[in-house]
Amino acid sequence: MIDVLDGLASVERDLIRTRTAEGRSRATARGQHMGRPSKLTDAQKAEARRRRAQGATLKELARSYDVSPSTISRLTAS
């Protein structure tokens with residue numbers, strides 16, 4: 001009895017994994033962004049890159065946009 005239930009659970013896990021992968025691929029095909037929304041708008045990102053190029057420190061940029069310095073670092077590295 002336990003073996004039968006274990007087999008059913010395994011099949012159900014595989015179905016869930018397959019459905020999730022299909023949904024994710026459909027979403028990316030529609031152009032939907034996956035993951036957390038960005039804390040900065042495109043205009044803020046451009047301004048932060050410009051200010052960083054002019055010599056602003058990561059810490060002061062992070063403080064002015066209320067994000068972590070690593071966020072600004074990732075932004076200006078790309």
# chains A, B, ... in the order shown; residues from 1 in each chain; ligands from 1
>>> select_by_dssp(residues="range 9-50 of chain A", states="helix (DSSP H, G or I)", output="ChimeraX atom specification")
/A:9-29,42-50
>>> residues_around(residues="range 45-49 of chain A", least_positions_apart="3", cutoff="8 Å", atoms="only C-alpha atoms", output="compact mmCIF listing (two decimals) with N, CA and C atoms, in the first residue's frame")
# COMPACT_ATOMS: atom_id res chain seq x y z
N LEU A 40 14.83 49.86 -9.18
CA LEU A 40 15.13 51.10 -9.88
C LEU A 40 14.46 51.11 -11.25
N THR A 41 13.96 52.28 -11.63
CA THR A 41 13.40 52.43 -12.97
C THR A 41 14.55 52.53 -13.98
N ASP A 42 14.23 52.43 -15.26
CA ASP A 42 15.26 52.56 -16.29
C ASP A 42 15.93 53.93 -16.24
N ARG A 52 27.93 57.48 -11.58
CA ARG A 52 29.07 56.62 -11.23
C ARG A 52 30.24 56.93 -12.14
N ALA A 53 29.97 57.19 -13.43
CA ALA A 53 31.03 57.53 -14.38
C ALA A 53 31.67 58.87 -14.04
N LEU A 61 25.63 56.61 -3.92
CA LEU A 61 24.57 56.28 -4.89
C LEU A 61 23.54 55.36 -4.27
N ILE A 72 24.02 48.74 -6.90
CA ILE A 72 24.65 49.75 -7.76
C ILE A 72 25.87 49.16 -8.45
N LEU A 75 24.79 47.11 -11.31
CA LEU A 75 24.24 48.00 -12.33
C LEU A 75 25.35 48.61 -13.17
N THR A 76 26.40 49.06 -12.53
CA THR A 76 27.46 49.76 -13.25
C THR A 76 28.47 48.80 -13.88
>>> residues_around(residues="Glu60 in chain A", least_positions_apart="3", cutoff="12 Å", atoms="only C-alpha atoms", output="ChimeraX atom specification")
/A:48,51-52,55-57,63-69,72-73
>>> atom_distance(atom1="CA of Ala43 in chain A", atom2="CA of Ala77 in chain A")
16.9 Å
